[in-house]
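Trainee: Next comes the structure file structure-v8.cif, holding mmCIF, C-alpha atoms; chains and numbers go by the auth columns.
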data_final
loop_
_atom_site.group_PDB
_atom_site.id
_atom_site.type_symbol
_atom_site.label_atom_id
_atom_site.label_comp_id
_atom_site.label_asym_id
_atom_site.label_seq_id
_atom_site.Cartn_x
_atom_site.Cartn_y
_atom_site.Cartn_z
_atom_site.B_iso_or_equiv
_atom_site.auth_seq_id
_atom_site.auth_asym_id
ATOM 1 C CA MET A 1 5.073 31.594 -0.065 0.00 1 A
ATOM 2 C CA GLU A 2 8.454 29.884 0.223 0.00 2 A
ATOM 3 C CA GLY A 3 8.826 27.619 3.245 0.00 3 A
ATOM 4 C CA ASP A 4 5.083 27.116 3.774 0.00 4 A
ATOM 5 C CA ILE A 5 4.081 23.600 4.751 0.00 5 A
ATOM 6 C CA PHE A 6 0.858 23.826 2.730 0.00 6 A
ATOM 7 C CA PRO A 7 1.444 26.455 0.036 0.00 7 A
ATOM 8 C CA GLY A 8 -1.761 25.689 -1.900 0.00 8 A
ATOM 9 C CA ILE A 9 -4.083 26.405 1.010 0.00 9 A
ATOM 10 C CA GLY A 10 -3.644 30.154 1.146 0.00 10 A
ATOM 11 C CA ASN A 11 -3.247 32.668 3.938 0.00 11 A
ATOM 12 C CA SER A 12 -6.868 32.675 5.099 0.00 12 A
ATOM 13 C CA THR A 13 -6.851 29.082 6.310 0.00 13 A
ATOM 14 C CA GLN A 14 -5.243 28.580 9.688 0.00 14 A
ATOM 15 C CA PHE A 15 -4.421 25.143 11.007 0.00 15 A
ATOM 16 C CA ASN A 16 -4.982 24.908 14.712 0.00 16 A
ATOM 17 C CA GLY A 17 -2.404 23.538 17.116 0.00 17 A
ATOM 18 C CA ARG A 18 -3.990 20.091 17.270 0.00 18 A
ATOM 19 C CA VAL A 19 -3.667 19.563 13.532 0.00 19 A
ATOM 20 C CA ILE A 20 -0.017 20.592 13.587 0.00 20 A
ATOM 21 C CA GLN A 21 0.645 18.334 16.593 0.00 21 A
ATOM 22 C CA THR A 22 -1.080 15.419 14.846 0.00 22 A
ATOM 23 C CA PHE A 23 0.931 16.111 11.713 0.00 23 A
ATOM 24 C CA GLN A 24 4.228 16.179 13.627 0.00 24 A
ATOM 25 C CA ARG A 25 3.362 13.130 15.727 0.00 25 A
ATOM 26 C CA SER A 26 2.340 11.111 12.659 0.00 26 A
ATOM 27 C CA PHE A 27 5.490 11.981 10.770 0.00 27 A
ATOM 28 C CA GLY A 28 7.563 11.159 13.852 0.00 28 A
ATOM 29 C CA GLN A 29 5.921 7.739 14.048 0.00 29 A
ATOM 30 C CA VAL A 30 6.436 7.172 10.330 0.00 30 A
ATOM 31 C CA GLN A 31 10.097 8.144 10.600 0.00 31 A
ATOM 32 C CA ASP A 32 10.604 5.749 13.526 0.00 32 A
ATOM 33 C CA ILE A 33 9.056 2.891 11.547 0.00 33 A
ATOM 34 C CA LEU A 34 11.115 3.718 8.456 0.00 34 A
ATOM 35 C CA ASP A 35 14.290 3.759 10.564 0.00 35 A
ATOM 36 C CA GLN A 36 13.341 0.350 11.946 0.00 36 A
ATOM 37 C CA ASN A 37 12.669 -0.884 8.406 0.00 37 A
ATOM 38 C CA ARG A 38 16.142 0.211 7.341 0.00 38 A
ATOM 39 C CA LEU A 39 17.629 -1.965 10.114 0.00 39 A
ATOM 40 C CA LEU A 40 15.393 -4.893 9.145 0.00 40 A
ATOM 41 C CA ILE A 41 16.395 -4.602 5.487 0.00 41 A
ATOM 42 C CA ASP A 42 20.075 -4.488 6.431 0.00 42 A
ATOM 43 C CA GLU A 43 19.684 -7.641 8.533 0.00 43 A
ATOM 44 C CA ILE A 44 17.670 -9.382 5.806 0.00 44 A
ATOM 45 C CA ASN A 45 20.391 -8.574 3.260 0.00 45 A
ATOM 46 C CA GLN A 46 23.156 -9.836 5.573 0.00 46 A
ATOM 47 C CA ASN A 47 21.237 -13.059 6.230 0.00 47 A
ATOM 48 C CA HIS A 48 20.635 -13.545 2.522 0.00 48 A
ATOM 49 C CA GLU A 49 24.287 -12.986 1.649 0.00 49 A
ATOM 50 C CA SER A 50 25.423 -15.423 4.357 0.00 50 A
ATOM 51 C CA LYS A 51 23.354 -18.239 2.820 0.00 51 A
ATOM 52 C CA VAL A 52 23.332 -19.934 6.241 0.00 52 A
ATOM 53 C CA PRO A 53 20.071 -21.930 6.516 0.00 53 A
ATOM 54 C CA VAL A 54 19.231 -20.616 10.012 0.00 54 A
ATOM 55 C CA ASN A 55 19.693 -17.013 8.833 0.00 55 A
ATOM 56 C CA LEU A 56 17.586 -17.613 5.724 0.00 56 A
ATOM 57 C CA THR A 57 14.842 -19.099 7.906 0.00 57 A
ATOM 58 C CA ARG A 58 15.046 -16.060 10.176 0.00 58 A
ATOM 59 C CA ASN A 59 14.431 -13.856 7.139 0.00 59 A
ATOM 60 C CA VAL A 60 10.868 -15.176 6.905 0.00 60 A
ATOM 61 C CA GLY A 61 10.001 -13.560 10.243 0.00 61 A
ATOM 62 C CA LEU A 62 11.949 -10.400 9.425 0.00 62 A
ATOM 63 C CA ILE A 63 10.146 -9.993 6.098 0.00 63 A
ATOM 64 C CA LYS A 64 6.773 -10.448 7.838 0.00 64 A
ATOM 65 C CA GLU A 65 7.757 -7.759 10.336 0.00 65 A
ATOM 66 C CA LEU A 66 8.843 -5.494 7.473 0.00 66 A
ATOM 67 C CA ASN A 67 5.507 -6.004 5.698 0.00 67 A
ATOM 68 C CA ASN A 68 3.579 -5.230 8.898 0.00 68 A
ATOM 69 C CA ASN A 69 5.613 -2.056 9.346 0.00 69 A
ATOM 70 C CA ILE A 70 4.790 -0.982 5.801 0.00 70 A
ATOM 71 C CA LYS A 71 1.081 -1.545 6.527 0.00 71 A
ATOM 72 C CA ARG A 72 1.434 0.626 9.645 0.00 72 A
ATOM 73 C CA VAL A 73 3.032 3.428 7.589 0.00 73 A
ATOM 74 C CA VAL A 74 0.208 3.266 5.041 0.00 74 A
ATOM 75 C CA HIS A 75 -2.334 3.401 7.882 0.00 75 A
ATOM 76 C CA LEU A 76 -0.602 6.427 9.456 0.00 76 A
ATOM 77 C CA TYR A 77 -0.536 8.282 6.133 0.00 77 A
ATOM 78 C CA THR A 78 -4.198 7.441 5.514 0.00 78 A
ATOM 79 C CA ASP A 79 -5.176 8.772 8.949 0.00 79 A
ATOM 80 C CA LEU A 80 -3.055 11.870 8.463 0.00 80 A
ATOM 81 C CA SER A 81 -4.621 12.577 5.083 0.00 81 A
ATOM 82 C CA SER A 82 -8.125 12.168 6.546 0.00 82 A
ATOM 83 C CA ASN A 83 -7.328 14.468 9.467 0.00 83 A
ATOM 84 C CA ILE A 84 -5.957 17.191 7.203 0.00 84 A
ATOM 85 C CA THR A 85 -8.902 16.889 4.817 0.00 85 A
ATOM 86 C CA ARG A 86 -11.428 17.122 7.677 0.00 86 A
ATOM 87 C CA SER A 87 -9.605 20.106 9.126 0.00 87 A
ATOM 88 C CA MET A 88 -9.531 21.891 5.778 0.00 88 A
ATOM 89 C CA GLU A 89 -13.223 21.178 5.201 0.00 89 A
ATOM 90 C CA ALA A 90 -14.142 22.445 8.658 0.00 90 A
ATOM 91 C CA SER A 91 -12.054 25.561 8.129 0.00 91 A
ATOM 92 C CA SER A 92 -13.537 26.086 4.706 0.00 92 A
ATOM 93 C CA GLU A 93 -17.098 25.706 6.025 0.00 93 A
ATOM 94 C CA GLY A 94 -16.373 28.220 8.770 0.00 94 A
ATOM 95 C CA GLU A 95 -15.057 30.757 6.280 0.00 95 A
ATOM 96 C CA SER A 96 -17.991 30.406 3.901 0.00 96 A
ATOM 97 C CA ALA A 97 -20.667 30.514 6.613 0.00 97 A
ATOM 98 C CA ALA A 98 -20.004 34.066 7.730 0.00 98 A
ATOM 99 C CA THR A 99 -17.872 37.071 6.939 0.00 99 A
ATOM 100 C CA PHE A 100 -16.914 39.958 9.141 0.00 100 A
ATOM 101 C CA ARG A 101 -17.537 43.578 8.226 0.00 101 A
ATOM 102 C CA SER A 102 -14.964 46.219 8.932 0.00 102 A
ATOM 103 C CA ASP A 103 -16.759 47.040 12.211 0.00 103 A
ATOM 104 C CA GLY A 104 -16.141 43.459 13.398 0.00 104 A
ATOM 105 C CA LYS A 105 -19.778 42.353 13.261 0.00 105 A
ATOM 106 C CA ALA A 106 -20.642 39.134 11.472 0.00 106 A
ATOM 107 C CA SER A 107 -22.760 39.168 8.357 0.00 107 A
ATOM 108 C CA GLN A 108 -24.096 36.095 6.616 0.00 108 A
ATOM 109 C CA LYS A 109 -22.765 35.240 3.184 0.00 109 A
ATOM 110 C CA ARG A 110 -25.213 34.036 0.632 0.00 110 A
ATOM 111 C CA ILE A 111 -23.980 31.068 -1.395 0.00 111 A
ATOM 112 C CA ARG A 112 -25.544 30.767 -4.806 0.00 112 A
ATOM 113 C CA SER A 113 -25.749 27.447 -6.582 0.00 113 A
ATOM 114 C CA GLY A 114 -24.623 27.693 -10.062 0.00 114 A
#
How would this structure read if it were set down as structure tokens?
Mentor:
Amino acid sequence: MEGDIFPGIGNSTQFNGRVIQTFQRSFGQVQDILDQNRLLIDEINQNHESKVPVNLTRNVGLIKELNNNIKRVVHLYTDLSSNITRSMEASSEGESAATFRSDGKASQKRIRSG
């Protein structure tokens, strides 16, 4: 469906509010770090173009900060991926464990190994 965040998941899987909040919070943190990185890169470029020794020396610290920020982004994406995977697995296990009949009562599904 057009506009879906996760189009491959299907209609039967529902993400709970916590997963969505985690998703939004993680992407907000990533965006903040990327915005900071843009400022660092701009300053690094200005220092490099100036060729002033003090500015070039300062670039060492700025590049270290940039690298640490990149590591933080990777860590956030890794955590986000793990959270989504766990949520999908939990949802998937819940759907395969039981089904509901038209009268609303649960009935066990038998899973055959194949």
Trainee: Nearest to A:Glu43: which of A:Ser82, A:Gln21, A:Asn59, A:Gln29 is it, counting only C-alpha atoms?
Mentor: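 Of all the options, A:Asn59 lies closest to A:Glu43.
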Trainee: Given the choices A:Asn69, A:Ser26, A:Ser50, A:Ser81, which gets closest to A:Arg38 if the distance is worked out from all atoms listed in the file?
Mentor: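 Looking only at the distances to A:Arg38, the closest residue turns out to be A:Asn69.
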Trainee: Nearest to A:Asn68: which of A:Asn45, A:Asn55, A:Val19, A:Leu34 is it, counting all atoms listed in the file?
Mentor: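 Of A:Asn45, A:Asn55, A:Val19, A:Leu34, the one nearest A:Asn68 is A:Leu34, counting all atoms listed in the file.
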Trainee: Excluding A:His48 and its own-chain neighbours fewer than 3 positions away, which residues fall within 12 Å of it when counting all atoms listed in the file? Please give them as a list in words.
Mentor: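 Final neighbour list, sorted by chain and number: Ile41, Asp42, Glu43, Ile44, Asn45, Lys51, Val52, Pro53, Val54, Asn55, Leu56, Thr57, Arg58, Asn59, Val60, Leu62 and Ile63 of chain A.
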Trainee: Of the residues A:Ser92, A:Asn83, A:Thr78, A:Asn37, which is the one nearest to A:Phe23, using all atoms listed in the file?
Mentor: A:Asn83
Trainee: Between atom CA of A:Thr22 and atom CA of A:Lys64, what distance in Å does the model show, to one decimal?
Mentor: 27.9 Å
Trainee: I'd like the interatomic distance between atom CA of A:Glu65 and atom CA of A:Gln24, to a tenth of an Å.
Mentor: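 These atoms are spaced 24.4 Å apart.
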Trainee: Kindly give the distance, in Å, that separates atom CA of A:Ser87 and atom CA of A:Ile20, rounded to a single decimal.
Mentor: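 Here the two named atoms are 10.6 Å from each other.
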Trainee: From the set A:Leu66, A:Ala90, A:Leu80, A:Val73, which residue has the shortest atom-to-atom contact distance to A:Gln31, counting all atoms listed in the file?
Mentor: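 Closest residue, counting all atoms listed in the file: A:Val73.
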Trainee: Find, counting all atoms listed in the file, the residue in A:Glu89, A:Asp32, A:Ile84, A:Leu40 that gets nearest to A:Gly61.
Mentor: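 Of the candidates, the smallest distance to A:Gly61 is held by A:Leu40.
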